[in-house]
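**Student:** Sharing input31.pdb here; it has PDB, C-alpha atoms.
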MODEL        1
ATOM      1  CA  GLY A 855     -20.529   3.242  -5.899  1.00  0.00           C
ATOM      2  CA  ARG A 856     -19.631   4.814  -2.611  1.00  0.00           C
ATOM      3  CA  ASN A 857     -21.570   3.421   0.320  1.00  0.00           C
ATOM      4  CA  ALA A 858     -21.861   3.869   4.084  1.00  0.00           C
ATOM      5  CA  LEU A 859     -18.933   1.504   4.596  1.00  0.00           C
ATOM      6  CA  HIS A 860     -16.575   4.036   3.018  1.00  0.00           C
ATOM      7  CA  ASP A 861     -17.708   6.630   5.564  1.00  0.00           C
ATOM      8  CA  ALA A 862     -17.482   4.217   8.499  1.00  0.00           C
ATOM      9  CA  VAL A 863     -13.911   3.345   7.514  1.00  0.00           C
ATOM     10  CA  GLN A 864     -12.868   6.953   6.965  1.00  0.00           C
ATOM     11  CA  THR A 865     -14.133   7.870  10.444  1.00  0.00           C
ATOM     12  CA  ASN A 866     -12.397   4.809  11.970  1.00  0.00           C
ATOM     13  CA  ASN A 867     -15.695   3.457  13.321  1.00  0.00           C
ATOM     14  CA  LEU A 868     -14.992  -0.266  13.775  1.00  0.00           C
ATOM     15  CA  ALA A 869     -18.374  -0.961  15.411  1.00  0.00           C
ATOM     16  CA  LEU A 870     -20.220   0.504  12.433  1.00  0.00           C
ATOM     17  CA  VAL A 871     -17.920  -1.299   9.982  1.00  0.00           C
ATOM     18  CA  ASN A 872     -18.818  -4.589  11.686  1.00  0.00           C
ATOM     19  CA  LEU A 873     -22.538  -3.804  11.660  1.00  0.00           C
ATOM     20  CA  LEU A 874     -22.534  -2.870   7.975  1.00  0.00           C
ATOM     21  CA  LEU A 875     -20.584  -6.003   7.051  1.00  0.00           C
ATOM     22  CA  GLN A 876     -23.027  -8.160   9.040  1.00  0.00           C
ATOM     23  CA  LYS A 877     -25.796  -6.581   6.943  1.00  0.00           C
ATOM     24  CA  LYS A 878     -23.903  -7.752   3.834  1.00  0.00           C
ATOM     25  CA  ILE A 879     -22.914  -4.351   2.476  1.00  0.00           C
ATOM     26  CA  ASN A 880     -20.532  -4.677  -0.469  1.00  0.00           C
ATOM     27  CA  PRO A 881     -16.961  -4.417   0.915  1.00  0.00           C
ATOM     28  CA  ASN A 882     -15.578  -3.947  -2.603  1.00  0.00           C
ATOM     29  CA  ALA A 883     -17.706  -1.000  -3.721  1.00  0.00           C
ATOM     30  CA  LEU A 884     -15.566   1.670  -5.340  1.00  0.00           C
ATOM     31  CA  ASP A 885     -15.871   5.343  -4.498  1.00  0.00           C
ATOM     32  CA  PRO A 886     -16.699   6.954  -7.879  1.00  0.00           C
ATOM     33  CA  ASP A 887     -14.689  10.064  -6.988  1.00  0.00           C
ATOM     34  CA  THR A 888     -11.454   8.254  -6.096  1.00  0.00           C
ATOM     35  CA  GLY A 889     -11.804   4.695  -7.390  1.00  0.00           C
ATOM     36  CA  TRP A 890     -10.961   3.476  -3.889  1.00  0.00           C
ATOM     37  CA  SER A 891     -12.606   0.654  -1.970  1.00  0.00           C
ATOM     38  CA  PRO A 892     -13.191   0.749   1.794  1.00  0.00           C
ATOM     39  CA  LEU A 893     -10.053  -1.403   2.130  1.00  0.00           C
ATOM     40  CA  SER A 894      -8.050   1.221   0.226  1.00  0.00           C
ATOM     41  CA  TYR A 895      -9.044   3.863   2.762  1.00  0.00           C
ATOM     42  CA  ALA A 896      -8.331   1.571   5.717  1.00  0.00           C
ATOM     43  CA  VAL A 897      -4.877   0.662   4.390  1.00  0.00           C
ATOM     44  CA  SER A 898      -3.959   4.262   3.591  1.00  0.00           C
ATOM     45  CA  GLN A 899      -5.091   5.444   7.043  1.00  0.00           C
ATOM     46  CA  GLY A 900      -3.248   2.642   8.879  1.00  0.00           C
ATOM     47  CA  LEU A 901      -6.402   1.185  10.442  1.00  0.00           C
ATOM     48  CA  GLU A 902      -5.135  -2.288  11.348  1.00  0.00           C
ATOM     49  CA  LYS A 903      -8.303  -3.686  12.936  1.00  0.00           C
ATOM     50  CA  ILE A 904     -10.505  -2.406  10.134  1.00  0.00           C
ATOM     51  CA  VAL A 905      -8.138  -3.841   7.498  1.00  0.00           C
ATOM     52  CA  SER A 906      -8.343  -7.267   9.161  1.00  0.00           C
ATOM     53  CA  THR A 907     -12.121  -7.030   9.537  1.00  0.00           C
ATOM     54  CA  LEU A 908     -12.633  -6.067   5.898  1.00  0.00           C
ATOM     55  CA  LEU A 909     -10.406  -8.920   4.704  1.00  0.00           C
ATOM     56  CA  GLU A 910     -12.295 -11.386   6.909  1.00  0.00           C
ATOM     57  CA  HIS A 911     -15.533 -10.244   5.242  1.00  0.00           C
ATOM     58  CA  GLY A 912     -14.388 -10.639   1.661  1.00  0.00           C
ATOM     59  CA  ALA A 913     -12.706  -7.349   0.809  1.00  0.00           C
ATOM     60  CA  ASP A 914     -10.507  -7.911  -2.230  1.00  0.00           C
ATOM     61  CA  PRO A 915      -6.876  -6.876  -1.619  1.00  0.00           C
ATOM     62  CA  LYS A 916      -6.121  -7.322  -5.326  1.00  0.00           C
ATOM     63  CA  ILE A 917      -8.165  -4.321  -6.466  1.00  0.00           C
ATOM     64  CA  TYR A 918      -6.120  -1.918  -8.565  1.00  0.00           C
ATOM     65  CA  HIS A 919      -6.583   1.836  -8.224  1.00  0.00           C
ATOM     66  CA  THR A 920      -7.002   4.281 -11.102  1.00  0.00           C
ATOM     67  CA  ASP A 921      -3.241   4.969 -11.057  1.00  0.00           C
ATOM     68  CA  ALA A 922      -2.617   1.189 -11.250  1.00  0.00           C
ATOM     69  CA  SER A 923      -1.315   1.111  -7.682  1.00  0.00           C
ATOM     70  CA  THR A 924      -2.223  -1.814  -5.433  1.00  0.00           C
ATOM     71  CA  MET A 925      -3.039  -2.194  -1.748  1.00  0.00           C
ATOM     72  CA  LEU A 926       0.640  -3.025  -1.238  1.00  0.00           C
ATOM     73  CA  HIS A 927       1.632   0.322  -2.749  1.00  0.00           C
ATOM     74  CA  LEU A 928      -0.666   2.032  -0.236  1.00  0.00           C
ATOM     75  CA  ALA A 929       0.701  -0.080   2.604  1.00  0.00           C
ATOM     76  CA  ALA A 930       4.311   0.691   1.658  1.00  0.00           C
ATOM     77  CA  ALA A 931       3.480   4.394   1.511  1.00  0.00           C
ATOM     78  CA  GLY A 932       1.760   4.217   4.884  1.00  0.00           C
ATOM     79  CA  GLN A 933       4.700   2.663   6.747  1.00  0.00           C
ATOM     80  CA  ASN A 934       2.446   0.359   8.790  1.00  0.00           C
ATOM     81  CA  MET A 935       4.387  -2.898   8.990  1.00  0.00           C
ATOM     82  CA  LYS A 936       1.477  -4.972  10.324  1.00  0.00           C
ATOM     83  CA  ILE A 937      -0.805  -3.881   7.485  1.00  0.00           C
ATOM     84  CA  PHE A 938       1.958  -4.410   4.928  1.00  0.00           C
ATOM     85  CA  GLU A 939       2.565  -7.960   6.197  1.00  0.00           C
ATOM     86  CA  THR A 940      -1.198  -8.645   6.211  1.00  0.00           C
ATOM     87  CA  ILE A 941      -1.592  -7.534   2.580  1.00  0.00           C
ATOM     88  CA  LEU A 942       1.715  -8.985   1.279  1.00  0.00           C
ATOM     89  CA  PRO A 943       0.520 -12.583   0.666  1.00  0.00           C
ATOM     90  CA  HIS A 944      -2.378 -11.323  -1.470  1.00  0.00           C
ATOM     91  CA  CYS A 945      -0.556  -9.066  -3.940  1.00  0.00           C
ATOM     92  CA  ALA A 946       2.332  -9.262  -6.376  1.00  0.00           C
ATOM     93  CA  VAL A 947       5.477  -7.606  -5.021  1.00  0.00           C
ATOM     94  CA  THR A 948       6.477  -6.787  -8.594  1.00  0.00           C
ATOM     95  CA  ALA A 949       3.403  -4.643  -9.347  1.00  0.00           C
ATOM     96  CA  LEU A 950       4.042  -1.259 -10.945  1.00  0.00           C
ATOM     97  CA  ASP A 951       1.780   1.771 -10.835  1.00  0.00           C
ATOM     98  CA  SER A 952       0.989   3.956 -13.855  1.00  0.00           C
ATOM     99  CA  GLU A 953       4.242   5.902 -13.339  1.00  0.00           C
ATOM    100  CA  ASN A 954       6.213   2.622 -13.376  1.00  0.00           C
ATOM    101  CA  ARG A 955       6.953   2.894  -9.643  1.00  0.00           C
ATOM    102  CA  ASP A 956       7.324  -0.323  -7.715  1.00  0.00           C
ATOM    103  CA  LEU A 957       6.859  -0.984  -4.008  1.00  0.00           C
ATOM    104  CA  LEU A 958      10.438  -0.037  -3.219  1.00  0.00           C
ATOM    105  CA  HIS A 959       9.840   3.424  -4.701  1.00  0.00           C
ATOM    106  CA  TYR A 960       6.942   3.840  -2.260  1.00  0.00           C
ATOM    107  CA  ALA A 961       8.961   2.590   0.721  1.00  0.00           C
ATOM    108  CA  ALA A 962      11.827   4.895  -0.282  1.00  0.00           C
ATOM    109  CA  LYS A 963       9.483   7.880  -0.464  1.00  0.00           C
ATOM    110  CA  SER A 964       7.822   7.154   2.883  1.00  0.00           C
ATOM    111  CA  GLY A 965      11.114   6.350   4.607  1.00  0.00           C
ATOM    112  CA  SER A 966      10.106   2.874   5.719  1.00  0.00           C
ATOM    113  CA  ALA A 967      13.353   0.981   6.186  1.00  0.00           C
ATOM    114  CA  ALA A 968      11.500  -1.993   7.693  1.00  0.00           C
ATOM    115  CA  ILE A 969       9.301  -2.396   4.621  1.00  0.00           C
ATOM    116  CA  ALA A 970      12.319  -1.921   2.344  1.00  0.00           C
ATOM    117  CA  LYS A 971      14.066  -4.805   4.134  1.00  0.00           C
ATOM    118  CA  ILE A 972      11.085  -7.095   3.501  1.00  0.00           C
ATOM    119  CA  LEU A 973      11.080  -6.095  -0.155  1.00  0.00           C
ATOM    120  CA  PHE A 974      14.787  -6.926  -0.520  1.00  0.00           C
ATOM    121  CA  LYS A 975      13.938 -10.516   0.432  1.00  0.00           C
ATOM    122  CA  ASN A 976      11.038 -10.750  -2.017  1.00  0.00           C
ATOM    123  CA  ARG A 977      12.411  -9.190  -5.191  1.00  0.00           C
ATOM    124  CA  GLY A 978      15.449  -9.364  -7.400  1.00  0.00           C
ATOM    125  CA  THR A 979      16.586  -5.816  -8.030  1.00  0.00           C
ATOM    126  CA  VAL A 980      16.868  -2.497  -6.222  1.00  0.00           C
ATOM    127  CA  ASP A 981      17.448  -0.451  -9.374  1.00  0.00           C
ATOM    128  CA  THR A 982      14.118  -0.382 -11.200  1.00  0.00           C
ATOM    129  CA  THR A 983      13.389   3.055 -12.590  1.00  0.00           C
ATOM    130  CA  ASP A 984      10.072   4.850 -12.816  1.00  0.00           C
ATOM    131  CA  SER A 985       8.744   6.757 -15.824  1.00  0.00           C
ATOM    132  CA  ASN A 986      10.956   9.700 -14.812  1.00  0.00           C
ATOM    133  CA  ARG A 987      14.020   7.392 -14.710  1.00  0.00           C
ATOM    134  CA  ARG A 988      14.303   7.670 -10.932  1.00  0.00           C
ATOM    135  CA  SER A 989      15.401   4.646  -8.949  1.00  0.00           C
ATOM    136  CA  PRO A 990      14.311   3.981  -5.362  1.00  0.00           C
ATOM    137  CA  LEU A 991      17.688   5.409  -4.279  1.00  0.00           C
ATOM    138  CA  HIS A 992      16.925   8.684  -6.065  1.00  0.00           C
ATOM    139  CA  VAL A 993      13.501   8.794  -4.403  1.00  0.00           C
ATOM    140  CA  ALA A 994      14.914   8.095  -0.924  1.00  0.00           C
ATOM    141  CA  ILE A 995      17.501  10.860  -1.293  1.00  0.00           C
ATOM    142  CA  GLU A 996      14.970  13.277  -2.791  1.00  0.00           C
ATOM    143  CA  HIS A 997      12.726  12.824   0.251  1.00  0.00           C
ATOM    144  CA  GLY A 998      15.560  12.933   2.796  1.00  0.00           C
ATOM    145  CA  ASN A 999      15.186   9.312   3.859  1.00  0.00           C
ATOM    146  CA  THR A1000      18.787   8.559   4.746  1.00  0.00           C
ATOM    147  CA  ALA A1001      18.147   5.197   6.425  1.00  0.00           C
ATOM    148  CA  VAL A1002      16.445   3.799   3.319  1.00  0.00           C
ATOM    149  CA  ALA A1003      19.134   5.303   1.068  1.00  0.00           C
ATOM    150  CA  GLN A1004      21.838   3.599   3.140  1.00  0.00           C
ATOM    151  CA  LEU A1005      20.002   0.271   2.942  1.00  0.00           C
ATOM    152  CA  LEU A1006      19.662   0.582  -0.826  1.00  0.00           C
ATOM    153  CA  ILE A1007      23.375   1.303  -1.195  1.00  0.00           C
ATOM    154  CA  GLN A1008      24.174  -1.706   1.024  1.00  0.00           C
ATOM    155  CA  GLN A1009      21.949  -3.818  -1.254  1.00  0.00           C
ATOM    156  CA  GLY A1010      24.001  -2.752  -4.274  1.00  0.00           C
ATOM    157  CA  ALA A1011      21.956   0.122  -5.679  1.00  0.00           C
ATOM    158  CA  GLN A1012      23.701   1.835  -8.558  1.00  0.00           C
ATOM    159  CA  LEU A1013      25.123   5.199  -7.646  1.00  0.00           C
TER
ENDMDL
END
Is it possible to give me this structure as structure tokens?

**Tutor:**
Amino acid sequence: GRNALHDAVQTNNLALVNLLLQKKINPNALDPDTGWSPLSYAVSQGLEKIVSTLLEHGADPKIYHTDASTMLHLAAAGQNMKIFETILPHCAVTALDSENRDLLHYAAKSGSAAIAKILFKNRGTVDTTDSNRRSPLHVAIEHGNTAVAQLLIQQGAQL
């Protein structure tokens, strides 16, 4: 269940995170209210040093959330390139959440052109559709993310 590490992460208290990890607190405990681990919170809040510290102490980046999203989904939504690149080697770039959204859908929604460019290199298609039949291009346009929409069109997204 939820432990003090969740709170230390959510308050961005690196010193306390380190102390708790030295005392062997479970870095993979899931918050019963959200299903999130301390790493989930650190990734979603863009806490680079805490993400690295948690990974160094055995936090599992492959944990799936209740909506089937991964740490990479959170990183793509958060637009933090360093965190995304840190998590990328640990997770499948083809993972879909419970709404059938892939990482490119998340990058399109958040407006992260830099993350979208990385995803173009690591995946085959730009036209996957979610459970509502929306492609990443639809999502980028819907959220007013012109730069990502332009990149998707340049990559051959269906209009």

**Student:** Evaluate the PyMOL selection byres ((chain A and resi 973-990) around 7) and record the selected residues as a compact mmCIF listing (two decimals) with C-alpha atoms, in the coordinates of the input, following the chain and residue labels used in the document.

**Tutor:**
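Result file part_21.txt:
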# COMPACT_ATOMS: atom_id res chain seq x y z
CA GLU A 953 4.24 5.90 -13.34
CA ASN A 954 6.21 2.62 -13.38
CA ARG A 955 6.95 2.89 -9.64
CA LEU A 958 10.44 -0.04 -3.22
CA HIS A 959 9.84 3.42 -4.70
CA ALA A 962 11.83 4.89 -0.28
CA ILE A 969 9.30 -2.40 4.62
CA ALA A 970 12.32 -1.92 2.34
CA LYS A 971 14.07 -4.80 4.13
CA ILE A 972 11.08 -7.10 3.50
CA LEU A 991 17.69 5.41 -4.28
CA HIS A 992 16.92 8.68 -6.06
CA VAL A 993 13.50 8.79 -4.40
CA ALA A 994 14.91 8.10 -0.92
CA LEU A 1006 19.66 0.58 -0.83
CA ALA A 1011 21.96 0.12 -5.68
CA GLN A 1012 23.70 1.84 -8.56

**Student:** Give as number ranges by chain the residues that the PyMOL selection byres ((chain A and resi 899-909) around 8) matches when applied to the coordinates above.

**Tutor:** A: 863-864, 866, 868, 871-872, 881, 892-893, 895-898, 910-915, 929, 932, 934, 936-937, 940

**Student:** Keeping only C-alpha atoms, write the selected residues as a JSON list (two decimals), in the coordinates of the input.

**Tutor:**
[["chain", "number", "residue", "atom", "x", "y", "z"],
["A", 863, "VAL", "CA", -13.91, 3.34, 7.51],
["A", 864, "GLN", "CA", -12.87, 6.95, 6.96],
["A", 866, "ASN", "CA", -12.40, 4.81, 11.97],
["A", 868, "LEU", "CA", -14.99, -0.27, 13.78],
["A", 871, "VAL", "CA", -17.92, -1.30, 9.98],
["A", 872, "ASN", "CA", -18.82, -4.59, 11.69],
["A", 881, "PRO", "CA", -16.96, -4.42, 0.92],
["A", 892, "PRO", "CA", -13.19, 0.75, 1.79],
["A", 893, "LEU", "CA", -10.05, -1.40, 2.13],
["A", 895, "TYR", "CA", -9.04, 3.86, 2.76],
["A", 896, "ALA", "CA", -8.33, 1.57, 5.72],
["A", 897, "VAL", "CA", -4.88, 0.66, 4.39],
["A", 898, "SER", "CA", -3.96, 4.26, 3.59],
["A", 910, "GLU", "CA", -12.30, -11.39, 6.91],
["A", 911, "HIS", "CA", -15.53, -10.24, 5.24],
["A", 912, "GLY", "CA", -14.39, -10.64, 1.66],
["A", 913, "ALA", "CA", -12.71, -7.35, 0.81],
["A", 914, "ASP", "CA", -10.51, -7.91, -2.23],
["A", 915, "PRO", "CA", -6.88, -6.88, -1.62],
["A", 929, "ALA", "CA", 0.70, -0.08, 2.60],
["A", 932, "GLY", "CA", 1.76, 4.22, 4.88],
["A", 934, "ASN", "CA", 2.45, 0.36, 8.79],
["A", 936, "LYS", "CA", 1.48, -4.97, 10.32],
["A", 937, "ILE", "CA", -0.80, -3.88, 7.48],
["A", 940, "THR", "CA", -1.20, -8.64, 6.21]]

**Student:** Using Å and a single decimal, report how far CA of Leu874 (chain A) sits from CA of His927 (chain A).

**Tutor:**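 Atom-to-atom, CA of His927 (chain A) to CA of Leu874 (chain A), that is 26.6 Å.
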
**Student:** In Å, how far is it from CA of Met925 (chain A) to CA of Gly889 (chain A)?

**Tutor:**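 Computed distance, CA of Met925 (chain A) to CA of Gly889 (chain A), equals 12.5 Å.
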
**Student:** Once you add 8 Å to each side, what are the centre and edge lengths of the axis-aligned box holding all listed atoms of region 925-935 of chain A? One decimal in Å, as JSON, if you can.

**Tutor:**
{"center_x": 0.8, "center_y": 0.7, "center_z": 3.1, "size_x": 23.7, "size_y": 23.4, "size_z": 27.7}

**Student:** By how many Å are CA of Asn999 (chain A) and CA of Ala946 (chain A) apart?

**Tutor:** 24.8 Å

**Student:** What would the selection look like, as a PyMOL selection string, if the PyMOL selection byres ((chain A and resi 924) around 12) were run on the coordinates I just shared?

**Tutor:** chain A and resi 889-891+893-894+897-898+914-923+925-931+938+941-942+944-952+955-957+960
